[in-house]
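Pasting upload.txt here (compact mmCIF, C-alpha atoms):
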# COMPACT_ATOMS: atom_id res chain seq x y z
CA MET A 1 20.76 -19.81 27.43
CA SER A 2 22.59 -21.25 24.43
CA GLY A 3 22.98 -24.25 22.19
CA LEU A 4 20.18 -26.80 22.16
CA SER A 5 18.06 -25.09 24.83
CA ALA A 6 18.05 -21.80 22.89
CA TRP A 7 17.23 -23.67 19.68
CA LEU A 8 14.34 -25.46 21.38
CA ILE A 9 13.01 -22.36 23.18
CA GLN A 10 13.07 -20.44 19.89
CA ARG A 11 10.89 -23.07 18.21
CA LEU A 12 8.48 -23.70 21.09
CA SER A 13 7.92 -19.97 21.60
CA ALA A 14 7.48 -19.59 17.83
CA LEU A 15 4.71 -22.17 17.78
CA TYR A 16 2.89 -20.56 20.71
CA LEU A 17 3.29 -17.06 19.28
CA ALA A 18 2.10 -18.13 15.82
CA VAL A 19 -1.18 -19.45 17.25
CA PHE A 20 -1.68 -16.67 19.79
CA THR A 21 -0.83 -13.80 17.41
CA VAL A 22 -3.26 -14.95 14.74
CA TYR A 23 -6.01 -15.43 17.36
CA ALA A 24 -5.40 -12.06 19.07
CA LEU A 25 -5.09 -10.03 15.87
CA VAL A 26 -8.15 -11.55 14.23
CA ARG A 27 -10.05 -10.90 17.47
CA LEU A 28 -8.86 -7.27 17.54
CA ALA A 29 -9.55 -6.69 13.85
CA MET A 30 -13.06 -8.18 14.09
CA ALA A 31 -14.17 -6.06 17.06
CA ASP A 32 -16.42 -3.17 16.04
CA SER A 33 -15.24 -0.70 18.62
CA TRP A 34 -13.49 -0.76 21.95
CA SER A 35 -14.04 1.31 25.04
CA HIS A 36 -11.76 1.47 28.05
CA ALA A 37 -14.23 -0.67 30.04
CA ALA A 38 -14.61 -3.34 27.33
CA TRP A 39 -10.84 -3.47 26.83
CA SER A 40 -10.06 -3.87 30.57
CA ASP A 41 -12.84 -6.45 31.01
CA TRP A 42 -11.59 -8.45 28.06
CA LEU A 43 -8.04 -8.53 29.48
CA ALA A 44 -9.27 -9.35 32.98
CA ALA A 45 -11.06 -12.51 31.79
CA PRO A 46 -8.92 -15.42 33.10
CA THR A 47 -8.49 -17.21 29.76
CA ASN A 48 -7.37 -14.03 28.01
CA ALA A 49 -5.09 -12.97 30.86
CA VAL A 50 -3.35 -16.35 31.12
CA THR A 51 -2.84 -16.74 27.36
CA LEU A 52 -1.51 -13.17 27.21
CA TRP A 53 0.94 -13.73 30.08
CA LEU A 54 2.26 -16.82 28.29
CA ALA A 55 2.46 -14.91 25.00
CA VAL A 56 4.52 -12.12 26.55
CA LEU A 57 6.85 -14.64 28.17
CA ALA A 58 7.19 -16.44 24.81
CA LEU A 59 7.71 -13.13 23.00
CA LEU A 60 10.47 -11.96 25.35
CA LEU A 61 12.33 -15.30 25.17
CA HIS A 62 11.92 -15.40 21.38
CA ALA A 63 13.12 -11.79 21.01
CA TRP A 64 16.12 -12.45 23.27
CA VAL A 65 17.29 -15.58 21.42
CA GLY A 66 16.70 -14.02 17.99
CA GLY A 67 18.14 -10.61 18.85
CA ARG A 68 21.16 -12.20 20.51
CA ASP A 69 21.82 -14.32 17.39
CA VAL A 70 21.68 -11.23 15.18
CA LEU A 71 24.04 -9.25 17.46
CA LEU A 72 26.53 -12.14 17.74
CA ASP A 73 26.56 -12.45 13.95
CA TYR A 74 27.03 -8.80 13.05
CA VAL A 75 28.61 -6.98 16.02
CA HIS A 76 32.20 -8.14 16.42
CA PRO A 77 34.04 -5.62 18.69
CA LEU A 78 33.69 -7.11 22.18
CA GLY A 79 32.91 -3.87 24.04
CA LEU A 80 30.20 -2.80 21.61
CA ARG A 81 28.79 -6.31 21.61
CA VAL A 82 28.48 -6.35 25.41
CA VAL A 83 26.87 -2.88 25.40
CA MET A 84 24.33 -3.89 22.74
CA LEU A 85 23.48 -7.22 24.38
CA THR A 86 22.96 -5.39 27.68
CA ALA A 87 20.77 -2.80 25.96
CA LEU A 88 18.70 -5.57 24.36
CA ALA A 89 18.27 -7.34 27.71
CA GLY A 90 17.26 -4.06 29.37
CA TRP A 91 14.85 -3.20 26.54
CA LEU A 92 13.11 -6.57 26.84
CA LEU A 93 13.17 -6.82 30.66
CA GLY A 94 11.94 -3.23 31.01
CA SER A 95 9.07 -3.90 28.61
CA GLY A 96 8.22 -7.14 30.39
CA ILE A 97 8.14 -5.57 33.85
CA TRP A 98 6.07 -2.60 32.64
CA PHE A 99 3.66 -4.93 30.87
CA GLY A 100 3.39 -7.21 33.91
CA ALA A 101 2.71 -4.31 36.29
CA THR A 102 0.00 -3.01 33.93
CA LEU A 103 -1.73 -6.35 33.51
CA LEU A 104 -1.59 -7.11 37.26
CA GLU A 105 -3.51 -3.91 37.93
CA VAL A 106 -6.24 -4.86 35.47
CA MET A 107 -6.59 -8.36 36.89
CA MET B 1 56.52 -34.55 2.45
CA PRO B 2 53.49 -34.53 0.15
CA PRO B 3 53.53 -32.29 -2.91
CA ARG B 4 52.08 -28.88 -2.32
CA ASP B 5 48.56 -28.34 -3.46
CA PRO B 6 48.64 -25.38 -5.81
CA ASN B 7 45.07 -24.49 -4.77
CA THR B 8 46.10 -23.57 -1.24
CA HIS B 9 48.46 -20.94 -2.59
CA ARG B 10 46.08 -19.41 -5.05
CA LYS B 11 44.47 -16.18 -3.98
CA ARG B 12 40.73 -16.69 -3.61
CA PRO B 13 38.53 -14.38 -5.63
CA VAL B 14 36.53 -11.87 -3.61
CA PHE B 15 33.34 -10.50 -5.08
CA LEU B 16 31.36 -8.23 -2.82
CA ASP B 17 29.71 -5.73 -5.16
CA LEU B 18 26.25 -5.49 -3.61
CA ARG B 19 24.85 -3.72 -6.71
CA ARG B 20 25.81 -6.62 -8.96
CA MET B 21 25.21 -9.53 -6.61
CA ARG B 22 21.99 -11.43 -7.29
CA PHE B 23 20.52 -13.12 -4.26
CA PRO B 24 18.25 -16.16 -4.59
CA PRO B 25 14.77 -15.81 -3.02
CA GLN B 26 15.86 -18.09 -0.14
CA ALA B 27 18.56 -15.58 0.83
CA ILE B 28 16.18 -12.63 0.58
CA ALA B 29 13.58 -14.42 2.74
CA SER B 30 16.32 -15.20 5.26
CA ILE B 31 17.65 -11.67 5.65
CA ALA B 32 14.08 -10.33 5.70
CA HIS B 33 13.29 -12.72 8.56
CA ARG B 34 16.12 -11.12 10.55
CA LEU B 35 15.24 -7.55 9.60
CA THR B 36 11.55 -7.99 10.46
CA GLY B 37 12.53 -9.57 13.78
CA VAL B 38 14.74 -6.61 14.67
CA LEU B 39 11.97 -4.18 13.65
CA MET B 40 9.49 -5.90 15.95
CA ILE B 41 11.99 -5.95 18.84
CA ILE B 42 12.26 -2.16 18.44
CA ALA B 43 8.44 -1.96 18.53
CA ILE B 44 8.11 -3.89 21.81
CA LEU B 45 8.74 -0.95 24.14
CA PRO B 46 6.48 1.59 22.32
CA ALA B 47 3.77 -1.11 22.16
CA THR B 48 4.11 -1.66 25.92
CA TRP B 49 3.73 2.09 26.45
CA LEU B 50 0.53 2.11 24.37
CA PHE B 51 -0.76 -0.92 26.27
CA ALA B 52 -0.04 0.79 29.63
CA ILE B 53 -1.71 4.11 28.80
CA SER B 54 -4.72 2.39 27.17
CA LEU B 55 -5.42 0.69 30.51
CA SER B 56 -4.63 3.67 32.76
CA GLY B 57 -8.22 4.96 32.53
CA PRO B 58 -10.75 6.35 30.04
CA ALA B 59 -8.57 9.42 29.39
CA GLY B 60 -5.51 7.28 28.72
CA PHE B 61 -7.57 5.01 26.48
CA ALA B 62 -8.67 8.04 24.45
CA ARG B 63 -5.03 9.17 24.24
CA ALA B 64 -3.93 5.74 22.95
CA ASP B 65 -6.78 5.83 20.42
CA GLU B 66 -5.66 9.28 19.28
CA VAL B 67 -2.03 8.17 18.89
CA LEU B 68 -3.05 5.06 16.93
CA SER B 69 -5.30 7.08 14.59
CA GLY B 70 -2.49 9.45 13.61
CA VAL B 71 -0.65 9.20 10.29
CA PRO B 72 2.72 8.19 11.85
CA ALA B 73 1.06 5.28 13.68
CA ARG B 74 -0.80 4.21 10.53
CA LEU B 75 2.45 4.14 8.53
CA THR B 76 4.34 2.38 11.34
CA GLY B 77 1.40 -0.01 11.63
CA LEU B 78 1.63 -0.85 7.93
CA LEU B 79 5.35 -1.53 8.23
CA LEU B 80 4.84 -3.69 11.33
CA ALA B 81 1.88 -5.59 9.82
CA LEU B 82 4.01 -6.48 6.78
CA ALA B 83 6.94 -7.35 9.06
CA LEU B 84 4.81 -9.59 11.27
CA ALA B 85 3.22 -11.37 8.30
CA HIS B 86 6.60 -12.02 6.72
CA HIS B 87 8.19 -13.15 9.98
CA LEU B 88 5.28 -15.53 10.66
CA PHE B 89 5.23 -17.17 7.21
CA ALA B 90 9.02 -17.32 6.97
CA GLY B 91 9.08 -18.82 10.47
CA ILE B 92 6.58 -21.52 9.50
CA ARG B 93 8.79 -22.23 6.48
CA TYR B 94 11.82 -22.67 8.77
CA LEU B 95 9.91 -25.00 11.07
CA LEU B 96 9.02 -27.12 8.02
CA LEU B 97 12.63 -27.02 6.80
CA ASP B 98 13.69 -28.18 10.30
CA ILE B 99 11.71 -31.37 9.78
CA GLU B 100 13.10 -31.61 6.24
CA ILE B 101 9.95 -30.64 4.39
CA GLY B 102 10.81 -28.72 1.20
CA ILE B 103 14.51 -28.95 1.98
CA THR B 104 15.76 -29.47 -1.59
CA ARG B 105 16.67 -26.51 -3.76
CA SER B 106 13.73 -26.17 -6.06
CA PRO B 107 10.92 -26.45 -3.45
CA ALA B 108 12.93 -24.21 -1.09
CA ARG B 109 13.09 -21.58 -3.81
CA ARG B 110 9.37 -21.78 -4.52
CA SER B 111 8.41 -21.68 -0.82
CA ALA B 112 10.60 -18.60 -0.30
CA LEU B 113 8.74 -16.82 -3.11
CA LEU B 114 5.42 -18.04 -1.70
CA VAL B 115 6.33 -16.66 1.76
CA MET B 116 7.01 -13.22 0.28
CA GLY B 117 3.79 -13.22 -1.72
CA LEU B 118 1.67 -14.37 1.23
CA ALA B 119 3.38 -11.85 3.52
CA VAL B 120 2.36 -8.90 1.33
CA ILE B 121 -1.25 -10.10 1.03
CA ALA B 122 -1.67 -11.00 4.71
CA GLY B 123 0.20 -7.90 5.90
CA LEU B 124 -2.02 -5.57 3.88
CA GLY B 125 -5.10 -7.50 5.00
CA LEU B 126 -4.10 -7.27 8.65
CA TRP B 127 -3.41 -3.55 8.37
CA TRP B 128 -6.76 -3.05 6.65
CA GLY B 129 -8.55 -5.04 9.36
CA LEU B 130 -6.93 -3.10 12.19
CA TRP B 131 -7.01 0.43 10.82
CA ALA B 132 -9.72 0.70 8.16
Turn this file's structure into structure tokens for me.
Amino acid sequence: MSGLSAWLIQRLSALYLAVFTVYALVRLAMADSWSHAAWSDWLAAPTNAVTLWLAVLALLLHAWVGGRDVLLDYVHPLGLRVVMLTALAGWLLGSGIWFGATLLEVM
Amino acid sequence: MPPRDPNTHRKRPVFLDLRRMRFPPQAIASIAHRLTGVLMIIAILPATWLFAISLSGPAGFARADEVLSGVPARLTGLLLALALAHHLFAGIRYLLLDIEIGITRSPARRSALLVMGLAVIAGLGLWWGLWA
């Protein structure tokens, strides 16, 4: 993913994340108290689950494009660059798979 | 053969004394946008861990609650709340600059200062809302 498609993905994911993050954080901050049951039920509700799946997808794409740009700008030795890009990809993919497995169980 | 341009043979001045360089607000907002992005990338995996244990059962939920109530999590939370607020406002500013709103120097300078002011207020507010 590079050039125009990366540029476009970065901006589309930014728009989605801006709306979702504000909604989710205000919702979390407004709640009086959470229990395990309330928390799982809230995530299992279809609207919340679908918007969260999309948000995680947007977050991982956004983090990859942004993190890759930062690494390409500042890490010049080729070997180190490859190692760090691989680590970034693993960090994001690992998080995504772990998150997905967790949310699938709740749904 | 054209006459040689004396400029191409002059040694260019190099000035890289970070203590004496003065960055305009636009540059500070830009580097902060990168720094806050990197910070939040680092937070993704620990956040996923918290998410996973909070849903593993009532005991795991209590464990996540305990971790989040601790002083290290509160301090990290403050840092991340400020980072998120800055990244969000600076990002909105870049989207506006993309469509050439506020693109000239003076509005760009003011909006960079505005982003930093809003980020501190919203970041503290978010942290207060989540932890207090």
At a cut-off of 8 Å, which residues of chain A touch chain B? Count all atoms listed in the file and give the answer as number ranges by chain. A: 11, 14, 18, 25, 28-30, 35-37, 39-40, 63, 66-67, 70, 91-92, 94-95, 98-99, 102, 106
Calculate how many Å separate CA of Ala44 (chain A) from CA of Tyr23 (chain A), rounding to one decimal. 17.1 Å
Please measure the separation of CA of Trp53 (chain A) and CA of His33 (chain B), giving the value in Å to one decimal.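 We find that CA of Trp53 (chain A) and CA of His33 (chain B) lie 24.8 Å from each other.
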To one decimal place in Å, what is the distance between CA of Leu39 (chain B) and CA of Asp17 (chain B)?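 CA of Leu39 (chain B) sits 25.9 Å away from CA of Asp17 (chain B).
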10 Å contact set for Thr51 (chain A), only C-alpha atoms, chain neighbours under 4 positions out, as a ChimeraX atom specification: /A:16,20,24,43,46-47,55-57
Between A:Leu71, A:Gly79, A:Val22, A:Ser5, single out the one closest to Ala122 (chain B), counting all atoms listed in the file.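 Of A:Leu71, A:Gly79, A:Val22, A:Ser5, the one nearest Ala122 (chain B), counting all atoms listed in the file, is A:Val22.
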Quick one: residues within 12 Å of Ser106 (chain B), only C-alpha atoms, excluding same-chain residues fewer than 4 positions away - as number ranges by chain? B: 24-26, 101-102, 110-113
Output the selection as a PDB file, keeping the file's coordinate frame - C-alpha atoms for each residue.
ATOM      1  CA  PRO B  24      18.250 -16.160  -4.590  1.00  0.00           C
ATOM      2  CA  PRO B  25      14.770 -15.810  -3.020  1.00  0.00           C
ATOM      3  CA  GLN B  26      15.860 -18.090  -0.140  1.00  0.00           C
ATOM      4  CA  ILE B 101       9.950 -30.640   4.390  1.00  0.00           C
ATOM      5  CA  GLY B 102      10.810 -28.720   1.200  1.00  0.00           C
ATOM      6  CA  ARG B 110       9.370 -21.780  -4.520  1.00  0.00           C
ATOM      7  CA  SER B 111       8.410 -21.680  -0.820  1.00  0.00           C
ATOM      8  CA  ALA B 112      10.600 -18.600  -0.300  1.00  0.00           C
ATOM      9  CA  LEU B 113       8.740 -16.820  -3.110  1.00  0.00           C
TER      10      LEU B 113
END
Let me know the centre plus edge lengths, in Å and rounded to one decimal, of a box with edges along x, y and z that contains all listed atoms of region 36-50 of chain A and is padded by 8 Å on every side, as JSON.
{"center_x": -9.0, "center_y": -7.9, "center_z": 30.0, "size_x": 27.3, "size_y": 34.7, "size_z": 22.3}
Taking N, CA and C atoms as the atom set, what does region 22-34 of chain B look like once completed, written as an mmCIF file, keeping the file's coordinate frame?
data_model
loop_
_atom_site.group_PDB
_atom_site.id
_atom_site.type_symbol
_atom_site.label_atom_id
_atom_site.label_comp_id
_atom_site.auth_asym_id
_atom_site.auth_seq_id
_atom_site.Cartn_x
_atom_site.Cartn_y
_atom_site.Cartn_z
ATOM 1 N N ARG B 22 23.396 -11.036 -7.174
ATOM 2 C CA ARG B 22 21.990 -11.430 -7.290
ATOM 3 C C ARG B 22 21.694 -12.509 -6.265
ATOM 4 N N PHE B 23 20.829 -12.160 -5.313
ATOM 5 C CA PHE B 23 20.520 -13.120 -4.260
ATOM 6 C C PHE B 23 19.355 -14.006 -4.666
ATOM 7 N N PRO B 24 19.413 -15.295 -4.350
ATOM 8 C CA PRO B 24 18.250 -16.160 -4.590
ATOM 9 C C PRO B 24 17.152 -15.805 -3.594
ATOM 10 N N PRO B 25 15.881 -16.136 -3.913
ATOM 11 C CA PRO B 25 14.770 -15.810 -3.020
ATOM 12 C C PRO B 25 14.984 -16.336 -1.597
ATOM 13 N N GLN B 26 15.619 -17.514 -1.469
ATOM 14 C CA GLN B 26 15.860 -18.090 -0.140
ATOM 15 C C GLN B 26 16.683 -17.125 0.718
ATOM 16 N N ALA B 27 17.699 -16.487 0.089
ATOM 17 C CA ALA B 27 18.560 -15.580 0.830
ATOM 18 C C ALA B 27 17.804 -14.310 1.212
ATOM 19 N N ILE B 28 16.950 -13.838 0.300
ATOM 20 C CA ILE B 28 16.180 -12.630 0.580
ATOM 21 C C ILE B 28 15.184 -12.891 1.716
ATOM 22 N N ALA B 29 14.520 -14.067 1.666
ATOM 23 C CA ALA B 29 13.580 -14.420 2.740
ATOM 24 C C ALA B 29 14.317 -14.521 4.070
ATOM 25 N N SER B 30 15.547 -15.025 4.044
ATOM 26 C CA SER B 30 16.320 -15.200 5.260
ATOM 27 C C SER B 30 16.701 -13.867 5.899
ATOM 28 N N ILE B 31 17.240 -12.956 5.089
ATOM 29 C CA ILE B 31 17.650 -11.670 5.650
ATOM 30 C C ILE B 31 16.417 -10.866 6.061
ATOM 31 N N ALA B 32 15.311 -11.032 5.332
ATOM 32 C CA ALA B 32 14.080 -10.330 5.700
ATOM 33 C C ALA B 32 13.537 -10.852 7.035
ATOM 34 N N HIS B 33 13.733 -12.151 7.291
ATOM 35 C CA HIS B 33 13.290 -12.720 8.560
ATOM 36 C C HIS B 33 14.040 -12.066 9.737
ATOM 37 N N ARG B 34 15.334 -11.783 9.521
ATOM 38 C CA ARG B 34 16.120 -11.120 10.550
ATOM 39 C C ARG B 34 15.704 -9.653 10.703
#
